[in-house]
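Only one structure is covered here, and it is reproduced in the block below.
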Amino acid sequence: MSTIEETTPKLSIRDWAKGDRPRERLLAMGPKALSDAELVAILLRSGTTEVSALDLAKLILHRSGNDLHKLAATSVTELMRIRGVGEAKALSIAAALELGLRRRDKEVAERPLVRSSLDAHEILRPLVGDLPHEEFWMLLLDRGNRLLHHCRVSQGGMHGTVADPKLIFREALEKRASSIVLCHNHPSGQLRPSTEDIQLTRKLTEGGRLLDILVQDHLIIAEGGYFSFADNGQL
């Protein structure tokens, strides 16, 4: 008696549910939600009669050890040796990765290096130095102490502002900061830290240790200059 072997037909990306397609996912969720393979699949635009664009993207990444730096160093000729990768696909991958490298190099060159309280002060004074009310800000730094981002944490009145540690560390984790510099201003002109300032700094320093995020400094900026917790051995 003969039997009929059931086979599952191979689906192309067009046959997938819309929520699973790389392009639709990028439109709905943004590029950060996509895997490396999905992003490469979008560059490829199509696969072959045998494999989908996503499967081809996975193969390309596999050949590079799933390392985007190695893929960026792969020549167009080498990419074209992969079955299913023609000149247009290879050029798209090479161009996209080169743009990424150029963007990274430009960002590193333009991002300030924060090596001291003076460096931090030069960035923060224009933001808070002349305000008639208190504001709490922070600098987010990468492992090389270059500025990733700066943001206002809170805004208050003449005599104080509240800085929520949960908001501070959430922002640091989202931006993947390795360290932070805290800052608030004293419109009164008083440079010495208050008891509340000291307690908050200790609390944030201890919280940073638990999350492996270094609190490098806390600056108090006033009309007459600035006070650095780090420079005064109070961290």
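Going through the structure tokens in order, the chains are called A, B, and so on, while each chain numbers its residues from 1 and the ligands are numbered from 1 in the order shown.
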Among chain A, which residues does DSSP mark as strand (DSSP E or B) when it is run on the backbone? Keep the chain and numbering as in the structure and answer as an MDAnalysis selection string.
chainID A and resid 113 135:141 146:155 157 160 179:185 214:222 225:228
Resulting file, chosen residues, C-alpha atoms, as a PDB file, in the first residue's frame:
```pdb
ATOM      1  CA  LEU A 113      34.787  64.134  26.553  1.00  0.00           C
ATOM      2  CA  GLU A 135      16.466  72.284  38.177  1.00  0.00           C
ATOM      3  CA  PHE A 136      18.116  68.866  38.412  1.00  0.00           C
ATOM      4  CA  TRP A 137      20.039  67.623  35.355  1.00  0.00           C
ATOM      5  CA  MET A 138      22.371  64.767  34.531  1.00  0.00           C
ATOM      6  CA  LEU A 139      24.969  63.831  31.969  1.00  0.00           C
ATOM      7  CA  LEU A 140      25.009  60.252  30.646  1.00  0.00           C
ATOM      8  CA  LEU A 141      28.455  58.996  29.659  1.00  0.00           C
ATOM      9  CA  ARG A 146      32.101  60.713  26.172  1.00  0.00           C
ATOM     10  CA  LEU A 147      28.708  62.348  26.445  1.00  0.00           C
ATOM     11  CA  LEU A 148      25.849  60.142  25.287  1.00  0.00           C
ATOM     12  CA  HIS A 149      22.987  62.374  26.349  1.00  0.00           C
ATOM     13  CA  HIS A 150      22.033  65.093  28.802  1.00  0.00           C
ATOM     14  CA  CYS A 151      18.583  65.620  30.239  1.00  0.00           C
ATOM     15  CA  ARG A 152      16.602  67.493  32.850  1.00  0.00           C
ATOM     16  CA  VAL A 153      15.406  65.215  35.630  1.00  0.00           C
ATOM     17  CA  SER A 154      13.150  67.651  37.460  1.00  0.00           C
ATOM     18  CA  GLN A 155      12.212  71.289  37.890  1.00  0.00           C
ATOM     19  CA  GLY A 157      11.049  76.404  42.807  1.00  0.00           C
ATOM     20  CA  GLY A 160      14.481  73.037  45.859  1.00  0.00           C
ATOM     21  CA  SER A 179      28.359  56.465  34.286  1.00  0.00           C
ATOM     22  CA  ILE A 180      26.471  59.645  35.113  1.00  0.00           C
ATOM     23  CA  VAL A 181      27.210  63.144  36.366  1.00  0.00           C
ATOM     24  CA  LEU A 182      24.478  64.754  38.474  1.00  0.00           C
ATOM     25  CA  CYS A 183      23.846  68.465  38.687  1.00  0.00           C
ATOM     26  CA  HIS A 184      21.474  71.006  40.162  1.00  0.00           C
ATOM     27  CA  ASN A 185      21.611  74.746  40.585  1.00  0.00           C
ATOM     28  CA  LEU A 214      29.065  54.891  38.312  1.00  0.00           C
ATOM     29  CA  VAL A 215      27.999  58.253  39.727  1.00  0.00           C
ATOM     30  CA  GLN A 216      31.102  60.217  38.774  1.00  0.00           C
ATOM     31  CA  ASP A 217      30.155  63.538  40.305  1.00  0.00           C
ATOM     32  CA  HIS A 218      27.392  65.805  41.535  1.00  0.00           C
ATOM     33  CA  LEU A 219      27.766  69.489  40.754  1.00  0.00           C
ATOM     34  CA  ILE A 220      26.009  72.376  42.444  1.00  0.00           C
ATOM     35  CA  ILE A 221      26.092  75.401  40.159  1.00  0.00           C
ATOM     36  CA  ALA A 222      25.478  78.929  41.395  1.00  0.00           C
ATOM     37  CA  GLY A 225      30.925  79.150  40.541  1.00  0.00           C
ATOM     38  CA  TYR A 226      30.320  75.500  41.282  1.00  0.00           C
ATOM     39  CA  PHE A 227      30.785  72.854  43.940  1.00  0.00           C
ATOM     40  CA  SER A 228      31.926  69.337  43.018  1.00  0.00           C
TER      41      SER A 228
END
```
Go through segment 134-179 of chain A residue by residue and, counting only C-alpha atoms, keep those with an atom at most 10 Å from segment 189-203 of chain A; for each kept residue give the shortest atom pair and its distance in Å to one decimal, ordered by chain and increasing number, as a tab-separated table.
```
residue	atom	partner	partner_atom	distance
A:Gly160	CA	A:Glu196	CA	9.7
A:Val162	CA	A:Leu200	CA	9.7
A:Ala163	CA	A:Leu200	CA	8.2
A:Asp164	CA	A:Leu200	CA	9.5
A:Pro165	CA	A:Lys203	CA	8.2
```
Those same residues - N, CA and C atoms - I'd like them written as a compact mmCIF listing (two decimals), in the first residue's frame.
```txt
# COMPACT_ATOMS: atom_id res chain seq x y z
N GLY A 160 14.18 74.45 46.01
CA GLY A 160 14.48 73.04 45.86
C GLY A 160 13.73 72.38 44.73
N VAL A 162 12.79 68.04 43.39
CA VAL A 162 12.83 66.63 43.76
C VAL A 162 13.45 65.82 42.63
N ALA A 163 14.42 65.00 42.93
CA ALA A 163 15.05 64.12 41.94
C ALA A 163 14.71 62.68 42.29
N ASP A 164 13.94 62.03 41.44
CA ASP A 164 13.49 60.67 41.69
C ASP A 164 14.55 59.68 41.19
N PRO A 165 15.17 58.90 42.08
CA PRO A 165 16.20 57.94 41.66
C PRO A 165 15.70 56.96 40.61
```
List every residue of segment 36-218 of chain A that DSSP, applied to the backbone of this structure, places in alpha helix (DSSP H), and write the result as a ChimeraX atom specification.
/A:36-44,53-63,68-72,76-79,87-110,117-128,165-174,195-211
Could you work out how far atom CA of Val128 of chain A lies from atom CA of Leu167 of chain A, giving the answer in Å with one decimal?
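Atom CA of Val128 of chain A lies 19.4 Å from atom CA of Leu167 of chain A.
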Using only C-alpha atoms, tabulate the residues of segment 89-190 of chain A lying at most 12 Å from any atom of segment 68-83 of chain A, each with its closest atom pair and that distance in Å to one decimal, by chain and increasing residue number, as JSON lines.
```
{"residue": "A:Lys89", "atom": "CA", "partner": "A:Met80", "partner_atom": "CA", "distance": 8.3}
{"residue": "A:Ala90", "atom": "CA", "partner": "A:Val76", "partner_atom": "CA", "distance": 5.4}
{"residue": "A:Leu91", "atom": "CA", "partner": "A:Val76", "partner_atom": "CA", "distance": 6.3}
{"residue": "A:Ser92", "atom": "CA", "partner": "A:Val76", "partner_atom": "CA", "distance": 9.4}
{"residue": "A:Ile93", "atom": "CA", "partner": "A:Ala72", "partner_atom": "CA", "distance": 8.3}
{"residue": "A:Ala94", "atom": "CA", "partner": "A:Ala72", "partner_atom": "CA", "distance": 6.6}
{"residue": "A:Ala95", "atom": "CA", "partner": "A:Ala72", "partner_atom": "CA", "distance": 9.2}
{"residue": "A:Ala96", "atom": "CA", "partner": "A:Ala72", "partner_atom": "CA", "distance": 9.0}
{"residue": "A:Leu97", "atom": "CA", "partner": "A:Ala72", "partner_atom": "CA", "distance": 5.6}
{"residue": "A:Glu98", "atom": "CA", "partner": "A:Ala72", "partner_atom": "CA", "distance": 7.0}
{"residue": "A:Leu99", "atom": "CA", "partner": "A:Ala72", "partner_atom": "CA", "distance": 10.2}
{"residue": "A:Gly100", "atom": "CA", "partner": "A:Ala72", "partner_atom": "CA", "distance": 9.4}
{"residue": "A:Leu101", "atom": "CA", "partner": "A:Ala72", "partner_atom": "CA", "distance": 8.5}
{"residue": "A:Arg102", "atom": "CA", "partner": "A:Ala72", "partner_atom": "CA", "distance": 11.6}
```
Can those selected residues be exported to a file as a CSV table (one decimal), in the first residue's frame so that it contains all heavy atoms?
```csv
chain,number,residue,atom,x,y,z
A,89,LYS,N,22.3,43.4,-4.2
A,89,LYS,CA,22.1,43.1,-2.8
A,89,LYS,C,23.5,43.3,-2.0
A,89,LYS,O,23.5,43.9,-0.9
A,89,LYS,CB,21.7,41.6,-2.6
A,89,LYS,CG,20.3,41.3,-3.0
A,89,LYS,CD,20.0,39.9,-2.8
A,89,LYS,CE,18.5,39.5,-2.9
A,89,LYS,NZ,17.9,39.8,-4.2
A,90,ALA,N,24.6,42.9,-2.6
A,90,ALA,CA,25.9,43.1,-2.0
A,90,ALA,C,26.2,44.6,-1.8
A,90,ALA,O,26.7,45.0,-0.8
A,90,ALA,CB,27.0,42.5,-2.8
A,91,LEU,N,25.9,45.4,-2.8
A,91,LEU,CA,26.1,46.9,-2.8
A,91,LEU,C,25.2,47.5,-1.7
A,91,LEU,O,25.7,48.4,-1.0
A,91,LEU,CB,25.9,47.5,-4.1
A,91,LEU,CG,26.9,47.2,-5.2
A,91,LEU,CD1,26.5,47.8,-6.5
A,91,LEU,CD2,28.3,47.8,-4.8
A,92,SER,N,24.0,47.1,-1.6
A,92,SER,CA,23.1,47.6,-0.6
A,92,SER,C,23.6,47.4,0.8
A,92,SER,O,23.6,48.3,1.7
A,92,SER,CB,21.7,47.0,-0.7
A,92,SER,OG,21.1,47.4,-1.9
A,93,ILE,N,24.1,46.2,1.1
A,93,ILE,CA,24.6,45.8,2.4
A,93,ILE,C,25.9,46.6,2.7
A,93,ILE,O,26.0,47.2,3.8
A,93,ILE,CB,25.0,44.3,2.5
A,93,ILE,CG1,23.7,43.5,2.4
A,93,ILE,CG2,25.7,44.0,3.8
A,93,ILE,CD1,23.9,42.0,2.3
A,94,ALA,N,26.8,46.7,1.7
A,94,ALA,CA,28.1,47.4,1.9
A,94,ALA,C,27.8,48.9,2.2
A,94,ALA,O,28.4,49.5,3.1
A,94,ALA,CB,28.9,47.3,0.7
A,95,ALA,N,26.9,49.5,1.4
A,95,ALA,CA,26.6,50.9,1.6
A,95,ALA,C,25.9,51.2,2.9
A,95,ALA,O,26.3,52.2,3.6
A,95,ALA,CB,25.7,51.4,0.5
A,96,ALA,N,25.0,50.4,3.4
A,96,ALA,CA,24.3,50.6,4.6
A,96,ALA,C,25.3,50.5,5.8
A,96,ALA,O,25.3,51.3,6.7
A,96,ALA,CB,23.2,49.6,4.8
A,97,LEU,N,26.2,49.5,5.8
A,97,LEU,CA,27.1,49.3,6.9
A,97,LEU,C,28.2,50.5,6.9
A,97,LEU,O,28.6,50.9,8.0
A,97,LEU,CB,27.8,48.0,6.8
A,97,LEU,CG,26.9,46.8,7.1
A,97,LEU,CD1,27.6,45.5,6.7
A,97,LEU,CD2,26.5,46.8,8.6
A,98,GLU,N,28.6,50.9,5.7
A,98,GLU,CA,29.5,52.0,5.7
A,98,GLU,C,28.9,53.3,6.2
A,98,GLU,O,29.5,54.1,7.0
A,98,GLU,CB,29.9,52.3,4.2
A,98,GLU,CG,30.9,53.5,4.1
A,98,GLU,CD,32.2,53.3,4.8
A,98,GLU,OE1,32.6,52.2,5.1
A,98,GLU,OE2,32.8,54.4,5.2
A,99,LEU,N,27.6,53.6,5.9
A,99,LEU,CA,26.9,54.7,6.5
A,99,LEU,C,26.9,54.6,8.0
A,99,LEU,O,27.0,55.6,8.7
A,99,LEU,CB,25.5,54.8,6.0
A,99,LEU,CG,25.3,55.4,4.6
A,99,LEU,CD1,23.9,55.3,4.1
A,99,LEU,CD2,25.7,56.9,4.5
A,100,GLY,N,26.6,53.4,8.5
A,100,GLY,CA,26.6,53.2,10.0
A,100,GLY,C,27.9,53.5,10.6
A,100,GLY,O,28.0,54.1,11.7
A,101,LEU,N,29.0,53.1,10.0
A,101,LEU,CA,30.3,53.3,10.5
A,101,LEU,C,30.7,54.8,10.5
A,101,LEU,O,31.2,55.4,11.4
A,101,LEU,CB,31.4,52.6,9.7
A,101,LEU,CG,31.4,51.1,9.8
A,101,LEU,CD1,32.4,50.4,8.8
A,101,LEU,CD2,31.8,50.7,11.2
A,102,ARG,N,30.3,55.5,9.4
A,102,ARG,CA,30.6,56.9,9.3
A,102,ARG,C,29.8,57.7,10.4
A,102,ARG,O,30.3,58.7,11.0
A,102,ARG,CB,30.2,57.5,7.9
A,102,ARG,CG,31.1,56.9,6.8
A,102,ARG,CD,30.8,57.5,5.5
A,102,ARG,NE,31.6,56.9,4.4
A,102,ARG,CZ,31.6,57.3,3.2
A,102,ARG,NH1,30.8,58.3,2.8
A,102,ARG,NH2,32.3,56.7,2.3
```
Length of the atom CA of Ser35 of chain A to atom CA of Lys166 of chain A vector [Å]
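Here the two named atoms are 28.6 Å from each other.
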Separating atom CA of Arg45 of chain A from atom CA of Leu59 of chain A, to the nearest tenth of an Å, is a gap of 14.9 Å
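Proximity ranking of A:His186, A:Lys58, A:His133, A:Arg176 relative to Ala37 of chain A places A:Lys58 first, based on only C-alpha atoms.
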